[in-house]
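entry_29.cif (mmCIF, C-alpha atoms)
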data_start
loop_
_atom_site.label_atom_id
_atom_site.label_comp_id
_atom_site.auth_asym_id
_atom_site.auth_seq_id
_atom_site.Cartn_x
_atom_site.Cartn_y
_atom_site.Cartn_z
CA MET A 1 83.66 44.61 125.43
CA ALA A 2 81.17 44.07 128.27
CA THR A 3 79.57 41.09 126.55
CA THR A 4 82.61 39.82 124.62
CA ARG A 5 84.27 38.06 127.56
CA PRO A 6 81.17 36.23 128.86
CA LYS A 7 80.40 35.20 125.28
CA THR A 8 83.95 33.82 124.84
CA TYR A 9 83.76 32.00 128.16
CA CYS A 10 80.46 30.41 127.10
CA TYR A 11 81.97 29.31 123.77
CA VAL A 12 84.90 27.72 125.56
CA LEU A 13 82.68 26.07 128.18
CA VAL A 14 80.31 24.58 125.58
CA VAL A 15 83.14 23.27 123.39
CA PHE A 16 85.10 21.97 126.40
CA GLY A 17 82.02 20.14 127.71
CA TRP A 18 81.48 18.42 124.37
CA LEU A 19 85.17 17.49 124.05
CA LEU A 20 85.14 16.05 127.56
CA TYR A 21 82.12 13.91 126.70
CA ALA A 22 83.74 12.78 123.44
CA LEU A 23 86.93 11.77 125.30
CA ALA A 24 85.01 9.97 128.05
CA SER A 25 83.06 8.03 125.40
CA ALA A 26 86.18 7.23 123.41
CA PHE A 27 88.02 5.84 126.46
CA GLY A 28 85.00 3.96 127.76
CA TRP A 29 84.55 5.98 130.95
CA MET A 30 80.83 5.33 130.98
CA THR A 31 79.97 6.86 134.36
CA LEU A 32 81.79 10.09 133.51
CA ALA A 33 80.27 10.09 130.02
CA ASN A 34 76.74 9.73 131.42
CA ILE A 35 77.31 12.61 133.87
CA VAL A 36 78.95 14.94 131.33
CA SER A 37 76.21 14.23 128.78
CA VAL A 38 73.57 15.48 131.23
CA VAL A 39 75.64 18.54 132.20
CA ASP A 40 76.29 19.45 128.54
CA ALA A 41 72.59 19.29 127.68
CA PHE A 42 71.60 21.45 130.65
CA LEU A 43 74.43 23.91 129.84
CA ALA A 44 73.11 24.27 126.30
CA ALA A 45 69.61 24.81 127.70
CA VAL A 46 70.83 27.58 130.02
CA VAL A 47 72.72 29.36 127.22
CA LEU A 48 69.72 29.18 124.89
CA PHE A 49 67.34 30.39 127.60
CA VAL A 50 69.53 33.38 128.49
CA ILE A 51 69.89 34.42 124.83
CA ALA A 52 66.13 34.00 124.39
CA ARG A 53 65.62 36.53 127.19
CA MET A 54 68.22 38.87 125.67
CA SER A 55 66.54 38.77 122.24
CA SER A 56 63.01 39.32 123.57
CA GLU A 57 62.51 42.44 121.41
CA ARG A 58 62.57 40.16 118.34
CA LYS A 59 59.78 37.75 119.04
CA HIS A 60 60.51 35.12 116.37
CA VAL A 61 64.22 34.98 117.30
CA SER A 62 63.46 34.79 121.01
CA SER A 63 60.85 32.06 120.50
CA MET A 64 63.25 30.00 118.39
CA PHE A 65 65.94 30.09 121.07
CA LEU A 66 63.37 29.46 123.82
CA PHE A 67 62.11 26.26 122.18
CA GLY A 68 65.73 25.31 121.53
CA ALA A 69 66.25 25.63 125.30
CA TYR A 70 63.20 23.42 125.90
CA ALA A 71 64.64 20.85 123.48
CA SER A 72 68.03 20.77 125.22
CA PHE A 73 66.40 20.63 128.66
CA ALA A 74 64.16 17.72 127.61
CA TRP A 75 67.18 15.87 126.26
CA GLY A 76 69.10 16.52 129.49
CA CYS A 77 66.21 15.16 131.57
CA GLY A 78 66.08 12.09 129.35
CA ASP A 79 69.81 11.54 129.78
CA LEU A 80 69.38 12.02 133.53
CA PHE A 81 66.81 9.20 133.58
CA TRP A 82 69.19 7.11 131.47
CA ALA A 83 72.18 7.71 133.77
CA ALA A 84 70.17 7.08 136.95
CA GLU A 85 68.56 3.83 135.78
CA THR A 86 71.80 2.61 134.24
CA ALA A 87 73.59 3.19 137.55
CA ILE A 88 70.80 1.44 139.50
CA LYS A 89 69.96 -1.48 137.19
CA GLY A 90 73.24 -1.84 135.30
CA ALA A 91 71.41 -2.27 131.98
CA ILE A 92 69.95 -0.17 129.17
CA PRO A 93 66.75 1.33 130.65
CA GLU A 94 63.32 0.96 129.04
CA ASN A 95 61.49 3.80 130.74
CA PRO A 96 58.55 5.29 128.77
CA VAL A 97 58.98 8.68 130.49
CA MET A 98 62.59 8.78 129.32
CA TYR A 99 61.60 8.05 125.71
CA LEU A 100 58.87 10.71 125.92
CA LEU A 101 61.45 13.26 127.06
CA TYR A 102 63.72 12.31 124.16
CA VAL A 103 60.94 12.71 121.60
CA LEU A 104 60.01 16.10 123.08
CA THR A 105 63.45 17.27 121.93
CA ASN A 106 62.40 16.56 118.33
CA VAL A 107 59.05 18.29 118.80
CA PHE A 108 60.56 21.43 120.33
CA LEU A 109 63.20 21.69 117.59
CA LEU A 110 60.51 21.40 114.93
CA ILE A 111 58.47 24.15 116.62
CA ALA A 112 61.58 26.38 116.88
CA ILE A 113 62.41 26.01 113.17
CA THR A 114 58.76 26.52 112.16
CA ILE A 115 58.42 29.75 114.19
CA TYR A 116 61.47 31.36 112.64
CA ILE A 117 60.71 30.33 109.05
CA GLN A 118 57.03 31.29 109.31
CA ALA A 119 58.01 34.81 110.39
CA GLN A 120 59.91 35.30 107.12
CA LEU A 121 57.24 34.14 104.66
CA GLY A 122 55.05 37.27 104.50
CA LYS A 123 55.87 38.35 100.93
CA TRP A 124 57.06 35.08 99.47
CA ASN A 125 55.66 33.74 96.21
CA ARG A 126 53.31 30.95 97.27
CA VAL A 127 53.51 28.99 94.01
CA GLN A 128 57.31 28.79 94.13
CA MET A 129 57.17 27.87 97.81
CA VAL A 130 54.77 24.97 97.11
CA ALA A 131 56.93 23.75 94.19
CA ASP A 132 60.04 23.75 96.41
CA ALA A 133 58.26 22.01 99.29
CA VAL A 134 56.78 19.29 97.05
CA THR A 135 60.18 18.67 95.44
CA ILE A 136 61.93 18.29 98.80
CA LEU A 137 59.11 16.05 100.03
CA LEU A 138 59.43 13.74 97.02
CA LEU A 139 63.23 13.54 97.27
CA CYS A 140 63.09 12.91 101.02
CA THR A 141 60.43 10.23 100.51
CA GLN A 142 62.66 8.43 98.02
CA PHE A 143 65.73 8.78 100.23
CA PHE A 144 64.11 7.55 103.44
CA TRP A 145 62.25 4.80 101.60
CA LEU A 146 65.67 3.39 100.72
CA PHE A 147 67.53 4.41 103.89
CA LEU A 148 65.01 3.45 106.57
CA PHE A 149 62.76 0.84 104.98
CA ASP A 150 64.99 -0.92 102.41
CA ARG A 151 62.30 -0.54 99.77
CA ASN A 152 60.26 -2.98 101.87
CA PHE A 153 56.57 -2.49 102.71
CA THR A 154 56.81 -5.06 105.53
CA MET A 155 59.36 -2.91 107.35
CA LEU A 156 57.14 0.13 106.81
CA SER A 157 54.17 -1.75 108.25
CA ASP A 158 56.21 -2.89 111.27
CA TRP A 159 57.29 0.68 111.91
CA VAL A 160 53.73 2.01 111.63
CA HIS A 161 52.66 -0.49 114.29
CA SER A 162 55.59 0.28 116.61
CA ASP A 163 55.42 2.49 119.73
CA TYR A 164 54.18 6.05 119.31
CA THR A 165 57.44 7.66 120.48
CA SER A 166 59.39 6.00 117.66
CA ILE A 167 56.79 7.06 115.09
CA LEU A 168 56.68 10.62 116.38
CA SER A 169 60.47 10.85 116.49
CA VAL A 170 60.92 9.70 112.90
CA VAL A 171 58.09 11.91 111.62
CA THR A 172 59.44 15.02 113.35
CA ASP A 173 62.99 14.22 112.23
CA ILE A 174 61.86 14.03 108.61
CA ALA A 175 59.73 17.17 109.02
CA ILE A 176 62.72 19.14 110.36
CA ILE A 177 64.88 18.02 107.45
CA ILE A 178 62.15 18.89 104.92
CA PHE A 179 61.54 22.32 106.47
CA VAL A 180 65.21 23.28 106.58
CA LEU A 181 66.02 21.97 103.10
CA THR A 182 62.94 23.68 101.68
CA TRP A 183 64.09 26.93 103.28
CA LYS A 184 67.60 26.47 101.90
CA LEU A 185 66.24 25.74 98.44
CA ALA A 186 63.71 28.57 98.54
CA VAL A 187 65.98 31.46 99.53
CA ARG A 188 66.89 33.07 96.21
CA ASN A 189 67.37 36.64 97.36
CA GLY A 190 69.11 37.78 100.54
CA LYS A 191 71.00 35.77 103.12
CA SER A 192 69.91 34.16 106.36
CA PRO A 193 71.78 35.35 109.49
CA ARG A 194 74.56 33.09 110.75
CA TYR A 195 72.81 32.23 114.01
CA PHE A 196 69.84 30.79 112.13
CA ARG A 197 72.04 28.88 109.69
CA ASN A 198 73.86 27.28 112.64
CA PHE A 199 70.59 26.59 114.45
CA ALA A 200 69.14 24.96 111.33
CA LEU A 201 72.36 22.96 110.82
CA ALA A 202 72.23 21.73 114.41
CA SER A 203 68.58 20.70 114.01
CA VAL A 204 69.27 18.79 110.78
CA LEU A 205 72.32 17.12 112.35
CA PHE A 206 70.21 16.06 115.33
CA SER A 207 67.48 14.69 113.02
CA LEU A 208 69.90 12.72 110.84
CA VAL A 209 71.63 11.27 113.91
CA ASP A 210 68.26 10.41 115.42
CA LEU A 211 67.18 8.58 112.24
CA LEU A 212 70.48 6.72 112.21
CA TYR A 213 69.92 5.77 115.86
CA TYR A 214 66.54 4.20 115.04
CA LEU A 215 68.09 2.35 112.12
CA LEU A 216 70.90 0.94 114.30
CA ASP A 217 68.55 0.21 117.18
CA SER A 218 66.21 -1.72 114.87
CA LYS A 219 69.19 -3.89 113.90
CA GLY A 220 70.26 -4.32 117.53
CA ILE A 221 73.66 -2.71 116.97
CA TYR A 222 73.27 0.50 118.98
CA TYR A 223 75.71 0.92 121.88
CA PRO A 224 75.40 3.68 124.54
CA ASN A 225 77.95 6.51 124.50
CA ASP A 226 79.16 5.48 121.07
CA ALA A 227 79.91 7.84 118.16
CA ILE A 228 76.20 8.39 117.57
CA ASP A 229 75.71 9.78 121.11
CA VAL A 230 78.75 12.02 120.60
CA ALA A 231 77.00 13.36 117.48
CA TYR A 232 73.81 13.92 119.50
CA SER A 233 75.83 15.96 122.00
CA ALA A 234 77.51 17.89 119.17
CA SER A 235 74.12 18.95 117.80
CA LEU A 236 73.07 20.33 121.19
CA ALA A 237 76.40 22.16 121.55
CA LEU A 238 75.87 23.67 118.09
CA LEU A 239 72.44 24.91 119.20
CA ALA A 240 74.12 26.79 122.05
CA ILE A 241 76.79 28.17 119.70
CA ALA A 242 74.04 29.36 117.34
CA ALA A 243 72.48 31.31 120.19
CA LEU A 244 75.87 32.83 121.08
CA ASN A 245 76.25 33.86 117.42
CA TRP A 246 73.23 36.10 117.90
CA ILE A 247 75.11 38.28 120.42
CA GLY A 248 77.63 39.27 117.77
CA SER A 249 74.97 39.93 115.13
CA LYS A 250 72.32 41.81 117.13
CA THR A 251 73.86 45.23 116.41
CA THR A 252 73.87 44.70 112.63
CA ASP A 253 70.19 43.66 112.57
CA PRO A 254 70.74 41.01 109.85
CA GLU A 255 67.18 39.68 109.86
CA LEU A 256 66.00 43.02 108.51
CA GLU A 257 67.79 42.16 105.25
CA PRO A 258 65.10 41.20 102.74
CA ILE A 259 64.93 37.43 102.25
CA SER A 260 62.65 36.03 99.56
CA ASN A 261 62.20 33.13 97.16
CA ILE A 262 62.27 35.39 94.10
CA GLY A 263 65.47 35.71 92.10
CA LYS A 264 67.94 33.96 89.82
CA ARG A 265 70.23 32.32 92.38
CA ARG A 266 70.94 28.73 91.34
CA THR A 267 69.38 27.19 94.42
CA SER A 268 68.43 24.05 92.47
CA LEU A 269 72.08 22.99 92.71
CA TYR A 270 71.49 22.29 96.41
CA LEU A 271 69.20 19.45 95.38
CA LEU A 272 72.18 17.54 94.01
CA ILE A 273 72.87 16.65 97.63
CA PHE A 274 70.19 13.94 97.38
CA PRO A 275 71.78 11.78 94.65
CA ALA A 276 75.15 12.43 96.34
CA MET A 277 73.79 11.22 99.69
CA LEU A 278 72.27 8.15 98.07
CA GLY A 279 75.70 7.20 96.75
CA LEU A 280 77.49 8.05 100.02
CA PHE A 281 75.05 6.15 102.24
CA TYR A 282 75.23 3.19 99.88
CA LEU A 283 79.05 3.17 100.09
CA LEU A 284 78.82 3.37 103.91
CA LYS A 285 76.36 0.46 103.74
CA TRP A 286 73.71 2.49 105.54
CA ILE A 287 71.50 1.78 102.52
CA ARG A 288 71.39 -1.97 102.40
CA VAL A 289 69.51 -2.54 99.14
CA PRO A 290 71.24 -2.20 95.75
CA LEU A 291 70.74 1.16 94.06
CA THR A 292 69.39 0.79 90.54
CA SER A 293 69.29 3.06 87.52
CA THR A 294 65.59 3.53 88.25
CA ASP A 295 66.41 5.12 91.61
CA TYR A 296 68.74 7.64 90.00
CA ALA A 297 66.37 8.18 87.07
CA ALA A 298 63.52 9.00 89.48
CA CYS A 299 65.77 11.41 91.38
CA GLY A 300 66.93 13.01 88.13
CA ALA A 301 63.35 13.36 86.88
CA ILE A 302 62.29 15.16 90.07
CA LEU A 303 65.26 17.53 89.78
CA LEU A 304 64.56 18.24 86.10
CA VAL A 305 60.85 18.91 86.65
CA HIS A 306 61.62 21.21 89.57
CA TRP A 307 64.15 23.14 87.48
CA ALA A 308 61.65 23.58 84.63
CA ILE A 309 58.77 24.61 86.91
CA SER A 310 60.96 27.02 88.90
CA ARG A 311 62.28 28.61 85.72
CA TYR A 312 58.74 29.16 84.46
CA ILE A 313 57.60 30.58 87.82
CA GLN A 314 60.57 32.96 88.08
CA LEU A 315 60.03 34.18 84.50
CA ALA A 316 56.35 34.77 85.27
CA ILE A 317 57.31 36.67 88.43
CA GLU A 318 59.82 38.80 86.51
CA ASN A 319 57.30 39.53 83.75
CA ASP A 320 54.74 40.52 86.34
CA ARG A 321 57.28 42.77 88.04
CA LEU A 322 58.17 44.45 84.73
CA TRP A 323 54.48 44.91 83.89
CA LYS A 324 53.78 46.51 87.26
CA SER A 325 56.86 48.72 86.91
CA GLU A 326 55.78 49.81 83.41
CA LYS A 327 52.23 50.45 84.64
CA LYS A 328 53.56 52.55 87.51
CA HIS A 329 55.76 54.58 85.17
CA SER A 330 52.83 55.07 82.77
CA GLU A 331 50.64 56.32 85.60
CA MET A 332 53.38 58.68 86.73
CA LEU A 333 53.79 59.97 83.16
CA GLU A 334 50.05 60.44 82.79
CA GLN A 335 49.98 62.39 86.03
CA VAL A 336 52.87 64.60 84.87
CA VAL A 337 51.11 65.24 81.54
CA ALA A 338 47.84 66.04 83.34
CA ASP A 339 49.63 68.45 85.69
CA GLN A 340 51.38 70.13 82.78
CA ALA A 341 48.13 70.40 80.82
CA GLU A 342 46.42 71.94 83.84
CA LYS A 343 49.31 74.33 84.28
CA LEU A 344 49.26 75.31 80.59
CA ALA A 345 45.50 75.81 80.71
CA PHE A 346 45.94 78.06 83.73
CA LEU A 347 48.73 80.08 82.10
CA ALA A 348 46.72 80.41 78.90
CA ASN A 349 44.12 82.43 80.83
CA LYS A 350 46.34 84.25 83.30
CA ASP A 351 49.06 86.83 83.25
CA PRO A 352 52.23 84.93 84.29
CA LEU A 353 53.54 87.78 86.49
CA THR A 354 50.46 88.96 88.41
CA LEU A 355 48.30 85.86 87.93
CA LEU A 356 45.41 88.18 87.02
CA ASP A 357 43.23 87.47 84.02
CA ASN A 358 44.99 88.23 80.74
CA ARG A 359 43.79 90.36 77.82
CA LYS A 360 41.98 87.42 76.17
CA ILE A 361 39.86 86.59 79.22
CA PHE A 362 39.19 90.27 79.93
CA LEU A 363 37.87 90.81 76.42
CA GLU A 364 35.59 87.77 76.82
CA LEU A 365 34.25 89.21 80.09
CA VAL A 366 33.61 92.57 78.40
CA LYS A 367 31.91 90.89 75.46
CA GLU A 368 29.64 88.91 77.78
CA ALA A 369 28.84 92.04 79.81
CA LEU A 370 27.93 93.98 76.67
CA ALA A 371 25.72 91.14 75.47
CA HIS A 372 23.69 91.32 78.70
CA GLU A 373 23.63 95.10 78.94
CA SER A 374 20.28 96.81 79.51
CA ALA A 375 19.09 100.41 79.22
CA SER A 376 19.27 100.94 82.97
CA GLU A 377 22.56 99.16 83.50
CA LYS A 378 25.56 100.25 81.48
CA THR A 379 28.88 98.50 81.17
CA ILE A 380 31.63 100.61 82.69
CA LEU A 381 35.31 100.01 82.01
CA LEU A 382 38.30 101.60 83.67
CA GLY A 383 41.83 101.67 82.36
CA VAL A 384 44.73 101.98 84.79
CA ASN A 385 48.20 102.80 83.50
CA ILE A 386 51.59 102.91 85.19
CA ASP A 387 53.29 106.09 84.09
CA ARG A 388 56.92 105.90 83.02
CA LEU A 389 57.24 102.12 83.61
CA LYS A 390 59.76 102.00 80.79
CA ARG A 391 61.95 104.54 82.57
CA ILE A 392 61.74 102.52 85.81
CA ASN A 393 62.92 99.44 83.93
CA GLU A 394 65.77 101.37 82.31
CA ALA A 395 66.87 103.11 85.51
CA TYR A 396 66.43 100.36 88.10
CA GLY A 397 66.15 97.16 86.07
CA HIS A 398 63.29 94.90 85.09
CA ASP A 399 63.08 93.42 88.59
CA ALA A 400 62.10 96.82 89.96
CA GLY A 401 59.59 97.22 87.14
CA ASP A 402 58.06 93.81 87.90
CA LYS A 403 57.78 94.71 91.58
CA THR A 404 55.97 97.91 90.63
CA VAL A 405 53.51 95.98 88.47
CA LEU A 406 52.92 93.44 91.23
CA GLU A 407 52.37 96.14 93.83
CA LEU A 408 49.75 97.86 91.67
CA SER A 409 47.99 94.56 90.95
CA LYS A 410 47.79 93.85 94.69
CA ARG A 411 46.34 97.29 95.42
CA LEU A 412 43.75 96.96 92.68
CA ALA A 413 42.74 93.53 93.99
CA GLU A 414 42.44 94.85 97.55
CA TRP A 415 40.46 97.86 96.42
CA ASN A 416 37.96 95.99 94.29
CA GLY A 417 37.86 92.66 96.09
CA SER A 418 36.18 90.07 93.86
CA ASN A 419 33.28 92.23 92.69
CA VAL A 420 34.87 93.30 89.40
CA GLY A 421 36.70 91.94 86.44
CA LEU A 422 40.38 92.74 86.79
CA ALA A 423 43.03 91.97 84.18
CA ARG A 424 46.47 92.99 82.99
CA ILE A 425 45.98 94.15 79.41
CA ASN A 426 49.63 94.66 78.55
CA GLY A 427 52.91 95.59 80.19
CA ASP A 428 51.84 98.77 81.99
CA GLU A 429 48.05 98.76 81.58
CA PHE A 430 45.31 97.16 83.65
CA GLY A 431 41.64 96.86 82.80
CA VAL A 432 38.82 97.00 85.34
CA LEU A 433 35.23 95.90 84.60
CA LEU A 434 32.94 97.43 87.19
CA PRO A 435 29.78 95.67 88.39
CA LYS A 436 26.49 96.70 86.78
CA GLU A 437 25.24 98.33 89.97
CA TYR A 438 27.99 100.96 89.64
CA SER A 439 26.80 104.33 88.31
CA LEU A 440 28.84 106.82 86.30
CA ALA A 441 29.34 108.80 89.48
CA ASP A 442 30.67 105.67 91.20
CA ALA A 443 32.95 105.08 88.24
CA GLU A 444 34.28 108.65 88.34
CA ARG A 445 34.85 108.33 92.08
CA ALA A 446 36.65 105.00 91.57
CA GLY A 447 38.81 106.54 88.85
CA ALA A 448 39.69 109.42 91.17
CA GLU A 449 40.71 107.01 93.91
#

Now that the file is in, can you turn its structure into structure tokens?
Amino acid sequence: MATTRPKTYCYVLVVFGWLLYALASAFGWMTLANIVSVVDAFLAAVVLFVIARMSSERKHVSSMFLFGAYASFAWGCGDLFWAAETAIKGAIPENPVMYLLYVLTNVFLLIAITIYIQAQLGKWNRVQMVADAVTILLLCTQFFWLFLFDRNFTMLSDWVHSDYTSILSVVTDIAIIIFVLTWKLAVRNGKSPRYFRNFALASVLFSLVDLLYYLLDSKGIYYPNDAIDVAYSASLALLAIAALNWIGSKTTDPELEPISNIGKRRTSLYLLIFPAMLGLFYLLKWIRVPLTSTDYAACGAILLVHWAISRYIQLAIENDRLWKSEKKHSEMLEQVVADQAEKLAFLANKDPLTLLDNRKIFLELVKEALAHESASEKTILLGVNIDRLKRINEAYGHDAGDKTVLELSKRLAEWNGSNVGLARINGDEFGVLLPKEYSLADAERAGAE
């Protein structure tokens, strides 16, 4: 409850700020719109910075929000330059510092997305990741070739020779879109936390709006505080909301859920967004050249090849997983068999109750001793019986009889140490093979003891 109210107040404040800017833009209150735009950007920066400090124990999350704060702050500074120069000069400003601040927003958002995604890639399949990235790159290349450059190399050449801020903005915008779409396509197992999904959505929205801005500006039909600037402001507000989402999710630790690019989820269906966007942008006349069957055939071919390659990769991954699992089970079975064989070998030579040598081993020891017997050293054997063991079993039970046998075996072992051969011959009889240095007198004395 302690953090619920401040979180709700922040939600309301962020949404109210954006709505106020949207209304000011819609009614043409330019001065108010310029002021509110700056305030909204700085508000988003403050929210992101505070959440970055709160999430400091998770470095990749904290860094993502921190660079999101830098992005919002850079945009707010750029808008501040815009508002100040517009108020002073009464015209659209052309300040290089302002444009640099705007492009820093793109750069910081790209860094934020990269930091978070990179932290999740430790155990991903590299081949599948490359296949997804190349597919997204090809589809984006086709889309932006039609959307931005009208299938015209002259326009591409003019853009390449334009100012560096425009080039950097477009490149970072496309990079953000490629990174996020590749991530969306790649995740086949697990689910990204809501705060990252919203952060990624805000970044993609900002990038698409930014690309649309450069398209409109190149045609001379961009107007300040129009719908496109409202969309810019919405993307920054969504960044702040994404950070606020983290407060509600920090107790469930969602990023610990395994996320990988291995699995059977039909992520390739997300790629259908590209032919759909081609058709939508063409209907909105944002793509100004006619779409041909070749355009759709190229898009379809990329989708088909990606589907085939991904299917092969996932089957190979599954086969490898099954092989490793089978190998592990085989090794476990071999270990169990080896342990059982060792146990059986041990029991074959030992009495199971006392763990002394059994009759078989004792006879082998006697045979070996007799084979090495000399005239001066005689082999001496002692037999030790437990009188009336059968009666003990009948009167007190076999447990009492077993305890009696165990007690005698312990006493014999303590008496003789390890200098003799000691074995349980049968139920109530023990055999003792004395060392060769024992004389008959020693043997008689040992028997008396």

**OP:** Please provide as a list in words all residues within 8 Å of segment 12-24 of chain A, with the sequence filter that same-chain residues fewer than 6 positions apart are discarded (counting only C-alpha atoms).
**Re:** Met30, Leu32, Ala33, Val36, Ser37, Val39, Asp40, Leu43, Ala44, Val230, Ser233, Ala234, Ala237, Ala240 and Ile241 of chain A

**OP:** Excluding Ser72 of chain A and residues on its chain fewer than 6 positions from it, collect all residues at most 7 Å away from it, counting all atoms listed in the file, and give them as a list in words.
**Re:** Ala41, Phe42, Ala44, Ala45, Thr105 and Leu236 of chain A

**OP:** Can you turn the PyMOL selection byres ((chain A and resi 139) around 9) into a concrete residue list for this file, as a ChimeraX atom specification?
**Re:** /A:134-138,140-144,271,274,299,302-303

**OP:** Work out how far apart atom CA of Val38 of chain A and atom CA of Ile178 of chain A are and give it in Å to one decimal.
**Re:** 28.9 Å

**OP:** Write out as a ChimeraX atom specification which residues come within 9 Å of Asn95 of chain A when counting only C-alpha atoms, dropping same-chain ones fewer than 5 positions away.
**Re:** /A:81-82,85,100

**OP:** Report the residues retrieved by the PyMOL selection byres ((chain A and resi 309-312) around 10) from the displayed file, expressed as a ChimeraX atom specification.
**Re:** /A:127-129,131-132,262,264,268,304-308,313-318

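Closest approach to Phe65 of chain A among A:Ala84, A:Leu215, A:Cys77, A:Leu239: A:Leu239, based on only C-alpha atoms.
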
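Checking A:Ser374, A:Leu109, A:Leu363, A:Lys59 one by one against Ile174 of chain A, counting all atoms listed in the file, you find the shortest gap at A:Leu109.
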
**OP:** Could you give me, as a ChimeraX atom specification, the residues within 6 Å of Tyr232 of chain A, counting all atoms listed in the file and dropping anything in the same chain fewer than 3 positions from it?
**Re:** /A:206,229,235

Subject >> Spatial neighbours of Ser169 of chain A, 12 Å, only C-alpha atoms, chain gap at least 4 places, as a ChimeraX atom specification >> reply: /A:99-110,159,162-165,173-176,206-214

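Atom to atom, atom CA of Ile392 of chain A and atom CA of Thr404 of chain A stand 8.8 Å apart.
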
Original post:
How many Å lie between atom CA of Glu364 of chain A and atom CA of Leu422 of chain A, rounded to one decimal?
Top reply: 12.1 Å

Original post:
Which residues fall under the PyMOL selection byres ((chain A and resi 287) around 10) in this file, as a PyMOL selection string?
Top reply: chain A and resi 143-151+278-286+288-291

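You can rank A:Glu407, A:Val180, A:Leu381, A:Ala423 by their closest distance to Pro352 of chain A using only C-alpha atoms, and at the top of that list sits A:Ala423.
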
Can you tell me, as JSON, the centre and edge lengths (Å, one decimal) of the axis-aligned box enclosing all of segment 195-208 of chain A's listed atoms after padding each side by 4 Å?
{"center_x": 70.7, "center_y": 22.5, "center_z": 112.5, "size_x": 14.4, "size_y": 27.5, "size_z": 13.6}

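Counting all atoms listed in the file and comparing A:Ser218, A:Thr8, A:Thr114, A:Asn349, the residue that lies closest to Ala200 of chain A is A:Thr114.
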